[in-house]
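What follows is a set of notes on a single structure, which appears directly below.
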Amino acid sequence: MAIGDIVTASKYNEIQSRVVQIFGTGSGQFGYGQTMLSSQLASSIIVDDIHMSRLKTDLSKLYAHQTGTNPTLTDVTESANITDAVYTQYENISTTSFTNKFNIYELTQADIETKLTSVRNSTWGVNDGAPIITHNFKVVFDDANHRRYFFNSGGQIRFNATLISGTGAKFDQWVGMLNTTVVKFEHNSTLDQNNSVLTNIGNYDLTSEYQTIAQRQGTGSYSENLYKIYARQTSTSVLQFKVEFNDADTGGSAEGFFGDESVSGVLTSSILQRRATGSNVSITTPAYNTVTELE
């Protein structure tokens, strides 16, 4: 937009279309499903302060959801204030927000909520006839759009597990595997506790068949042991996850004896979610339904 140009409806619509694609209904990997104040303008409409005020409200909510701060946008109180500089402000913030569409400022714009917990108090492993135990559950959204809004707005499904109150070298090894591990399943990838990518499989990559989204392996003489998480979609609104604890180590001279140890202690598998709950973007929680407990 050249200096001296007026803000035409078409130029206004360029900014508003970016905002509505992310903040409104959108489609595919776009859209938070929030109610918009601004709307597209007919070509004959002259942009005024009311249009700009509504656009500022929508754009400010979008930006604050992503960053935790309000953007620097001039408050237009009369049409004469819609200058080239003002237009550039709004355009730049809309472009930045479009690029950062999956971002969420977790400290103030989201809640971390525990949704499911499964506990096993008895020993397990090859020696107990239970070499593999699983925690299986479903996440049920209202519909396909609810699922999109959840992940597009920064939603995550998180996994962690702990083992406590046991004894022995195998117990210690499982503690080392589990108690420092957090897995975060999000839109297009699965991350670890440091937000490093574990796999490039996220919500939009699921099929009807289970895929491994995360895995951690034992070390040393217990390197056969595995903590694995699988994911699939059973419909456009239902995701299913399987958390697997595989005590594949069967003992041997490396452990100082022949035969196999049981895994002792209290094993807990916890499922949490990060959900947009701020004043700018708020997504209702999906339902979490247990299919099989660890017991």
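In the structure tokens, chains take the letters A, B, ... in the order shown, each chain's residues start at 1, and ligands count up from 1 in the order shown.
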**Message:** Could you list, as a VMD selection string, every residue within 8 Å of Ile93 in chain A, counting only C-alpha atoms and ignoring same-chain residues fewer than 5 positions away?
**Reply:** chain A and resid 59 63 71
**Message:** Between A:Leu55, A:Ile50, A:Ile157, A:Met177, which residue has the minimum interatomic distance to Val20 in chain A, considering only C-alpha atoms?
**Reply:**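 Checking each of A:Leu55, A:Ile50, A:Ile157, A:Met177 against Val20 in chain A, counting only C-alpha atoms, the winner is A:Leu55.
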**Asked** In terms of the shortest atom-to-atom distance over only C-alpha atoms, which of A:Leu116, A:Val7, A:Val243, A:Ile271 is closest to Ile45 in chain A?
**Response**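 Between A:Leu116, A:Val7, A:Val243, A:Ile271, the residue approaching Ile45 in chain A most closely is A:Val7.
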**Item:** strand (DSSP E) residues, from DSSP on the backbone, in range 114-246 of chain A, as a PyMOL selection string
**Value:** chain A and resi 114-120+132-140+156-164+182-185+190-191+197-199+211-217+226-235+238-246
**Asked** What is the distance between CA of Val197 in chain A and CA of His146 in chain A, in Å to one decimal?
**Response** 24.9 Å
**Message:** Neighbouring residues of range 33-39 of chain A were defined as those with any atom within 7 Å, considering only C-alpha atoms; residues of the same chain fewer than 3 positions away were excluded. Please report them as a PyMOL selection string.
**Reply:** chain A and resi 16+23-25+51+54-55+58+149+281
**Message:** Env of Leu107 in chain A: 10 Å cut, atoms = only C-alpha atoms, seq-sep filter 6 positions within chain, self excluded. Answer as a ChimeraX atom specification.
**Reply:** /A:67-68,278
**Request:** Please identify which residues in range 45-251 of chain A DSSP calls helix (DSSP H, G or I) from the backbone, and express them as a PyMOL selection string.
**Result:** chain A and resi 49-67+79-81+84-99+106-109+126-128+144-152+169-178+203-205+220-222
File of the preceding selection, C-alpha atoms, as a PDB file, in the first residue's frame:
ATOM      1  CA  ASP A  49     -13.250   3.520  12.770  1.00  0.00           C
ATOM      2  CA  ILE A  50     -15.909   0.978  13.781  1.00  0.00           C
ATOM      3  CA  HIS A  51     -14.553  -1.576  11.304  1.00  0.00           C
ATOM      4  CA  MET A  52     -11.003  -0.991  12.532  1.00  0.00           C
ATOM      5  CA  SER A  53     -12.048  -1.225  16.186  1.00  0.00           C
ATOM      6  CA  ARG A  54     -13.664  -4.617  15.621  1.00  0.00           C
ATOM      7  CA  LEU A  55     -10.642  -5.826  13.702  1.00  0.00           C
ATOM      8  CA  LYS A  56      -8.339  -4.635  16.474  1.00  0.00           C
ATOM      9  CA  THR A  57     -10.328  -6.598  19.072  1.00  0.00           C
ATOM     10  CA  ASP A  58     -10.111  -9.830  17.073  1.00  0.00           C
ATOM     11  CA  LEU A  59      -6.463  -9.356  16.188  1.00  0.00           C
ATOM     12  CA  SER A  60      -5.506  -8.458  19.761  1.00  0.00           C
ATOM     13  CA  LYS A  61      -7.161 -11.610  21.129  1.00  0.00           C
ATOM     14  CA  LEU A  62      -5.398 -13.749  18.563  1.00  0.00           C
ATOM     15  CA  TYR A  63      -1.990 -12.204  19.241  1.00  0.00           C
ATOM     16  CA  ALA A  64      -2.391 -12.311  23.039  1.00  0.00           C
ATOM     17  CA  HIS A  65      -3.380 -15.989  22.886  1.00  0.00           C
ATOM     18  CA  GLN A  66      -0.160 -16.755  21.038  1.00  0.00           C
ATOM     19  CA  THR A  67       2.241 -14.492  22.948  1.00  0.00           C
ATOM     20  CA  SER A  79     -11.835   7.507  10.043  1.00  0.00           C
ATOM     21  CA  ALA A  80      -9.175  10.156   9.547  1.00  0.00           C
ATOM     22  CA  ASN A  81      -6.855   8.134  11.770  1.00  0.00           C
ATOM     23  CA  ASP A  84      -0.738   4.086   6.042  1.00  0.00           C
ATOM     24  CA  ALA A  85       1.209   3.576   9.273  1.00  0.00           C
ATOM     25  CA  VAL A  86      -1.856   2.225  11.053  1.00  0.00           C
ATOM     26  CA  TYR A  87      -2.611  -0.165   8.206  1.00  0.00           C
ATOM     27  CA  THR A  88       0.992  -1.426   8.284  1.00  0.00           C
ATOM     28  CA  GLN A  89       0.729  -2.109  12.039  1.00  0.00           C
ATOM     29  CA  TYR A  90      -2.374  -4.208  11.580  1.00  0.00           C
ATOM     30  CA  GLU A  91      -0.987  -6.003   8.542  1.00  0.00           C
ATOM     31  CA  ASN A  92       2.282  -6.908  10.287  1.00  0.00           C
ATOM     32  CA  ILE A  93       0.541  -8.307  13.373  1.00  0.00           C
ATOM     33  CA  SER A  94      -1.876 -10.327  11.239  1.00  0.00           C
ATOM     34  CA  THR A  95       1.025 -11.791   9.226  1.00  0.00           C
ATOM     35  CA  THR A  96       2.971 -12.711  12.373  1.00  0.00           C
ATOM     36  CA  SER A  97      -0.099 -14.323  13.934  1.00  0.00           C
ATOM     37  CA  PHE A  98      -0.778 -16.260  10.768  1.00  0.00           C
ATOM     38  CA  THR A  99       2.763 -17.642  10.762  1.00  0.00           C
ATOM     39  CA  GLU A 106       1.046 -21.547  28.180  1.00  0.00           C
ATOM     40  CA  LEU A 107       1.548 -19.516  31.357  1.00  0.00           C
ATOM     41  CA  THR A 108      -1.639 -17.453  31.049  1.00  0.00           C
ATOM     42  CA  GLN A 109      -3.617 -18.799  28.092  1.00  0.00           C
ATOM     43  CA  VAL A 126       8.170 -62.028  32.303  1.00  0.00           C
ATOM     44  CA  ASN A 127       8.577 -63.701  35.678  1.00  0.00           C
ATOM     45  CA  ASP A 128       4.953 -62.823  36.565  1.00  0.00           C
ATOM     46  CA  ALA A 144     -14.218 -33.160  13.827  1.00  0.00           C
ATOM     47  CA  ASN A 145     -14.248 -29.368  14.241  1.00  0.00           C
ATOM     48  CA  HIS A 146     -13.840 -29.631  18.014  1.00  0.00           C
ATOM     49  CA  ARG A 147     -10.795 -31.815  17.421  1.00  0.00           C
ATOM     50  CA  ARG A 148      -9.356 -29.246  14.981  1.00  0.00           C
ATOM     51  CA  TYR A 149      -9.939 -26.342  17.337  1.00  0.00           C
ATOM     52  CA  PHE A 150      -8.300 -28.189  20.234  1.00  0.00           C
ATOM     53  CA  PHE A 151      -5.041 -28.889  18.403  1.00  0.00           C
ATOM     54  CA  ASN A 152      -4.966 -25.736  16.246  1.00  0.00           C
ATOM     55  CA  ALA A 169      18.369 -53.026  39.801  1.00  0.00           C
ATOM     56  CA  LYS A 170      15.483 -53.550  37.401  1.00  0.00           C
ATOM     57  CA  PHE A 171      13.293 -51.216  39.466  1.00  0.00           C
ATOM     58  CA  ASP A 172      16.046 -48.584  39.369  1.00  0.00           C
ATOM     59  CA  GLN A 173      16.343 -48.938  35.598  1.00  0.00           C
ATOM     60  CA  TRP A 174      12.603 -48.467  35.044  1.00  0.00           C
ATOM     61  CA  VAL A 175      12.616 -45.460  37.362  1.00  0.00           C
ATOM     62  CA  GLY A 176      15.343 -43.923  35.205  1.00  0.00           C
ATOM     63  CA  MET A 177      13.294 -44.547  32.066  1.00  0.00           C
ATOM     64  CA  LEU A 178       9.963 -43.261  33.350  1.00  0.00           C
ATOM     65  CA  ASN A 203      -2.983 -35.184  15.278  1.00  0.00           C
ATOM     66  CA  TYR A 204      -2.980 -34.554  11.528  1.00  0.00           C
ATOM     67  CA  ASP A 205      -0.818 -37.602  10.788  1.00  0.00           C
ATOM     68  CA  GLY A 220      22.929 -51.513  29.703  1.00  0.00           C
ATOM     69  CA  SER A 221      21.854 -55.036  30.617  1.00  0.00           C
ATOM     70  CA  TYR A 222      18.224 -53.834  30.584  1.00  0.00           C
TER      71      TYR A 222
END
**Request:** Give the answer as one residue: which of A:Thr268, A:Gln215, A:Ser279, A:Thr234 has the shortest atom-to-atom distance to Lys138 in chain A, using only C-alpha atoms?
**Result:** A:Thr234
**Within 8 Å of Ile132 in chain A using only C-alpha atoms, minus same-chain residues under 2 positions, as a ChimeraX atom specification** = /A:125,130,134,244-248
Could you please take those selected residues and save N, CA and C atoms as a tab-separated table (two decimals), in the first residue's frame?
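Writing done, so here's again39.tsv:
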chain	number	residue	atom	x	y	z
A	125	GLY	N	6.08	-58.37	34.75
A	125	GLY	CA	7.26	-58.76	34.00
A	125	GLY	C	7.15	-60.20	33.53
A	130	ALA	N	3.36	-61.47	32.93
A	130	ALA	CA	2.84	-60.20	32.39
A	130	ALA	C	4.01	-59.37	31.86
A	134	THR	N	-0.40	-52.64	29.51
A	134	THR	CA	-0.78	-51.45	28.75
A	134	THR	C	-1.86	-50.65	29.45
A	244	GLU	N	2.40	-48.53	26.51
A	244	GLU	CA	2.89	-49.91	26.69
A	244	GLU	C	4.17	-49.92	27.52
A	245	PHE	N	4.17	-50.77	28.52
A	245	PHE	CA	5.35	-50.99	29.36
A	245	PHE	C	5.81	-52.43	29.09
A	246	ASN	N	6.92	-52.57	28.39
A	246	ASN	CA	7.39	-53.87	27.92
A	246	ASN	C	8.65	-54.27	28.67
A	247	ASP	N	8.51	-55.20	29.60
A	247	ASP	CA	9.66	-55.72	30.35
A	247	ASP	C	10.28	-56.87	29.56
A	248	ALA	N	10.91	-56.52	28.44
A	248	ALA	CA	11.42	-57.53	27.51
A	248	ALA	C	12.71	-58.20	28.00
**Which residue of A:Gln40, A:Leu294, A:Ser208, A:Gln29 approaches Glu14 in chain A most closely, using only C-alpha atoms** = A:Gln40
**Asked** Between A:Thr114, A:Val182, A:Pro286, A:Tyr105, which one has atoms that come closest to Asp143 in chain A, using only C-alpha atoms?
**Response**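 Residue with the minimum atom-to-atom distance to Asp143 in chain A: A:Pro286.
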